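Worksheet: one structure, shown below.
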Amino acid sequence: MQSIKLAWYNILRNRRRSFFTILITIVATLVLLAGGGFGLYMYQGLEEESARDTGNLILTRSGYFELEEDYPLQYGISAYKDIQQQYLKDEQIKAVLPHVDFQGLISNGEKTAIFMGKGVEHGEFLAKGPFINFTDGRALSSEVESGSDPEILLASGLAKNLKVGVGDIVTLLSTTTENVMNAMDFKVKGIFSTGVPELEKRMIYTDVTSAQSLLDSDLVSSISIHLFDIKQTADKLEQIQTENTDVEVTPWWVRAFYYRDVKNLFDRIFALLGIIISLIVFLAISNTMGMTVMERTREIGTLAAMGTYRYEITRNFTLEGLMIGLIGTLSGILLTLGLIGLLNFANIEMPPPPGSTQGFPIAINFSLELTLLSSVLLTIICAVAAWLAARSGSRKPIVEALSYV
Amino acid sequence: MLRFENIVKTFIQGETKTRALKGVSGSVHRGETVALCGPSGSGKSTLLNICGLLDMDYQGDLFFNNQKISKDLHLSTKIRRERIGFIFQRYNLIEAMTAFENVEYPLILSSQSKSERKQKVLSILEQVGLAGHEYKRPDQLSGGQQQRVAVARALVKRPALVIADEPTANLDTETATVVIDLMRELGATTQTTFLVATHDSRMTERCHRAIYLRDGLLVSKEIEHLEPQKFQKLTSGAKHAEHQIGMV
């Protein structure tokens, strides 16, 4: 207790220097927490986007993602409606959505282009939320009137290429599961923007039934299971895989290539940032404590003369470093919380990231784990820097220390 | 109480060796106040440091209550902590602490209870005339008051030996007299042994004995109750010092 009191007195002794040292620790904490928190916010956004895009869990036939199909739906799943009915009863499951992936040619009668198609159910647009941005028209209808052409959604680049708009008719040409060419007319229901330039020129959506008719099959390529809570993914993965041994269940993160690349890159950037910040704090505290130890050499000599053991002298200085670290990190945490509140209030928009056409609001996630890790790391760095400086000071011969001016 | 035999101390600076003490022997008895006199560079501070176990790098033997003191760092620290008090020329109070805390510090090192510490500290501060100044920091006290705090700090744990290095050198005559009398009074009541390095004749006059050093050698160890005039001659390093000592 006395050591803590003495350490506190010594911090107050040279207030200006202590203030600036604490300020460095505050800024370091703020940079680590704000930088890390922003990274976590981005990871969270990408995780949710990836899971929303593919579904939290993807059910396919075994080897679907690794093997190339010889013909459309070669590795398709049959009786998908049974699976859909089975899992829609689960309260943790938000949606069970079948997909039919197919490719072919799209024509307006005069001009032809390549398309990448996805057959989806109407529920896709309800369950996934605004995953595509409509520039014109609307989402696919839940049911198409009998006698009418099936509906199609075109990516804006493709629509522009074919010079078609909402209400126009386009023809899709694809190979059936029997390796026979098949063509169907579709009515353009909507034009959308994905935000990804490559997809803008190729992507189309139609309903599952129409896609199956074009391919002349009742199979689906995959079934996506969307959960209410992304954190349940691992538990559900185990459960569904156990219940369905004939299908392969893939969690979203296995198929989230963009998310993984971005996370790897940012993990490295944040690690480097952390190392640089830690080094700055270490050097700042070493400098401050080194000066403090030098200035108090005679005091160290006096304490040693009175019978204070070396380790006790070192401990007192280490406590000073520890206190500076604690005050700095606690203040840094408070400042970060203030910044989080300010950003929430100000709602500042970030520019679109590379490969995207849409910006996103800047925010910082508060993570208890990150806070504890950063605080403990910085406080330990402060204590170690102080300990190293004090160690050399306390080893000076007492007589030499007493005569130090 | 304290005995030193054939103490030799050599300082090495680069390739130059300087012998500060050239085989000094002597003793100090319990309750005695002994002045260590001599001109600058005579080796008195060096001897004082060795007797106070501050410097363990010497040749010869040191006995404390007839027990030979080993040169072990930990053991010497333990002895200083429990049995030796120090008074320095420049007071050497801890700036961050109040007068009370400075005096309390040696008691904290000896693990005494808070209430016991408080009672002892207040009592000794009153004895040195600093009642009412307990919570002032050193920079709020005069030189004399600071030295009185230093005296209180040295004596509060009731040490067997107090080592004082020029305790009155930075004080005016009046304050110096007060500090000297204080040391004597407190020393007498607690049977504390004082070994005081000094140039100050007022200090030496009030000591039981004086040990005179010159050029690292003990010239005399039995100079009792020196008169000020004779003391002046001795400490000024007169050519015929040995002769004069012989006359005492």
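Identifiers for the structure tokens are assigned positionally: chains receive A, B, ... in sequence, residues are indexed from 1 per chain, and ligands are indexed from 1 in the order shown.
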
key: Shell of 12 Å around Gly307 in chain A, only C-alpha atoms, local chain residues under 3 positions omitted, as a ChimeraX atom specification   = /A:300-304,310-313,398 /B:52-54,73-86,105-110,154

Can you write out the residues you just picked, keeping C-alpha atoms, as a CSV table (one decimal), in the first residue's frame?
```
chain,number,residue,atom,x,y,z
A,300,ILE,CA,17.7,5.7,-4.8
A,301,GLY,CA,21.0,5.9,-2.9
A,302,THR,CA,19.2,7.2,0.2
A,303,LEU,CA,16.6,4.5,0.1
A,304,ALA,CA,19.2,1.8,-0.4
A,310,ARG,CA,17.1,-3.5,-4.7
A,311,TYR,CA,14.0,-5.4,-5.6
A,312,GLU,CA,11.9,-3.0,-3.5
A,313,ILE,CA,13.4,0.0,-5.2
A,398,ILE,CA,25.1,3.2,-3.0
B,52,GLY,CA,27.8,2.2,7.6
B,53,LEU,CA,28.0,-0.9,5.4
B,54,LEU,CA,27.4,1.3,2.3
B,73,LEU,CA,25.0,-7.5,-0.1
B,74,HIS,CA,21.7,-8.9,1.2
B,75,LEU,CA,23.0,-9.3,4.7
B,76,SER,CA,24.5,-5.8,4.8
B,77,THR,CA,21.2,-4.4,3.6
B,78,LYS,CA,19.4,-6.2,6.3
B,79,ILE,CA,21.7,-4.8,9.0
B,80,ARG,CA,21.3,-1.3,7.7
B,81,ARG,CA,17.6,-1.7,7.6
B,82,GLU,CA,17.4,-2.9,11.2
B,83,ARG,CA,20.3,-1.4,13.1
B,84,ILE,CA,21.8,1.6,11.3
B,85,GLY,CA,20.5,5.1,10.8
B,86,PHE,CA,22.0,7.7,8.5
B,105,TYR,CA,9.7,5.1,6.0
B,106,PRO,CA,12.3,3.2,8.2
B,107,LEU,CA,9.5,1.9,10.3
B,108,ILE,CA,7.7,0.6,7.2
B,109,LEU,CA,10.8,-1.2,6.3
B,110,SER,CA,10.8,-2.8,9.7
B,154,ALA,CA,17.7,8.3,11.5
```

request  = Mind listing the strand (DSSP E) residues of range 160-303 of chain A, per DSSP on the backbone, as an MDAnalysis selection string?
outcome  = chainID A and resid 169:175 181:193 203:207 222:227 247:251

task = Hey, list the chain A side of the contact with chain B: 6 Å cut-off, only C-alpha atoms, answer as a ChimeraX atom specification.
result = /A:9-10,306-307

inquiry  = Neighbouring residues of Gly321 in chain A were defined as those with any atom within 6 Å, considering only C-alpha atoms; residues of the same chain fewer than 6 positions away were excluded. Please report them as number ranges by chain.
reply    = A: 382-383, 386

Based on the selection just made, write N, CA and C atoms of those residues as a PDB file, in the first residue's frame.
```
ATOM      1  N   CYS A 382       4.357  -0.721 -20.217  1.00  0.00           N
ATOM      2  CA  CYS A 382       4.742   0.404 -19.333  1.00  0.00           C
ATOM      3  C   CYS A 382       5.522  -0.124 -18.129  1.00  0.00           C
ATOM      4  N   ALA A 383       5.023  -1.195 -17.529  1.00  0.00           N
ATOM      5  CA  ALA A 383       5.672  -1.736 -16.326  1.00  0.00           C
ATOM      6  C   ALA A 383       7.055  -2.291 -16.666  1.00  0.00           C
ATOM      7  N   ALA A 386       9.526   0.513 -17.297  1.00  0.00           N
ATOM      8  CA  ALA A 386       9.913   1.130 -16.017  1.00  0.00           C
ATOM      9  C   ALA A 386      10.857   0.206 -15.248  1.00  0.00           C
TER      10      ALA A 386
END
```

key: Residue contacts of Thr297 in chain A (7 Å, only C-alpha atoms) excluding same-chain residues fewer than 3 positions away, as a ChimeraX atom specification   = /A:293-294,300-301,393,401,404

message = Can you tell me which residues surround Val121 in chain B at a distance of at most 12 Å, considering only C-alpha atoms, apart from same-chain residues fewer than 3 positions away, and format the answer as a count of residues only?
response = 36

ask   = Leaving out Ser50 in chain A and any residue of its chain fewer than 3 positions from it, which residues lie within 8 Å of it when counting only C-alpha atoms, given as a VMD selection string?
value = chain A and resid 46 to 47 53 to 55 252 to 253 256 259

task = Could you give me the residues within range 358-397 of chain A that DSSP places in helix (DSSP H, G or I), as a PyMOL selection string?
result = chain A and resi 368-394

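Counting only C-alpha atoms and comparing B:Arg214, B:Thr33, B:Asp72, B:Ile7, the residue that lies closest to Ile180 in chain B is B:Thr33.
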
remark   = Between CA of Glu174 in chain B and CA of Arg30 in chain B lies a distance of 28.4 Å

inquiry  = Just want the 10 Å neighbourhood of range 367-369 of chain A, counted on only C-alpha atoms, with same-chain residues fewer than 2 positions away dropped. Output as a PyMOL selection string.
reply    = chain A and resi 33+36-37+40-41+364-365+371-375
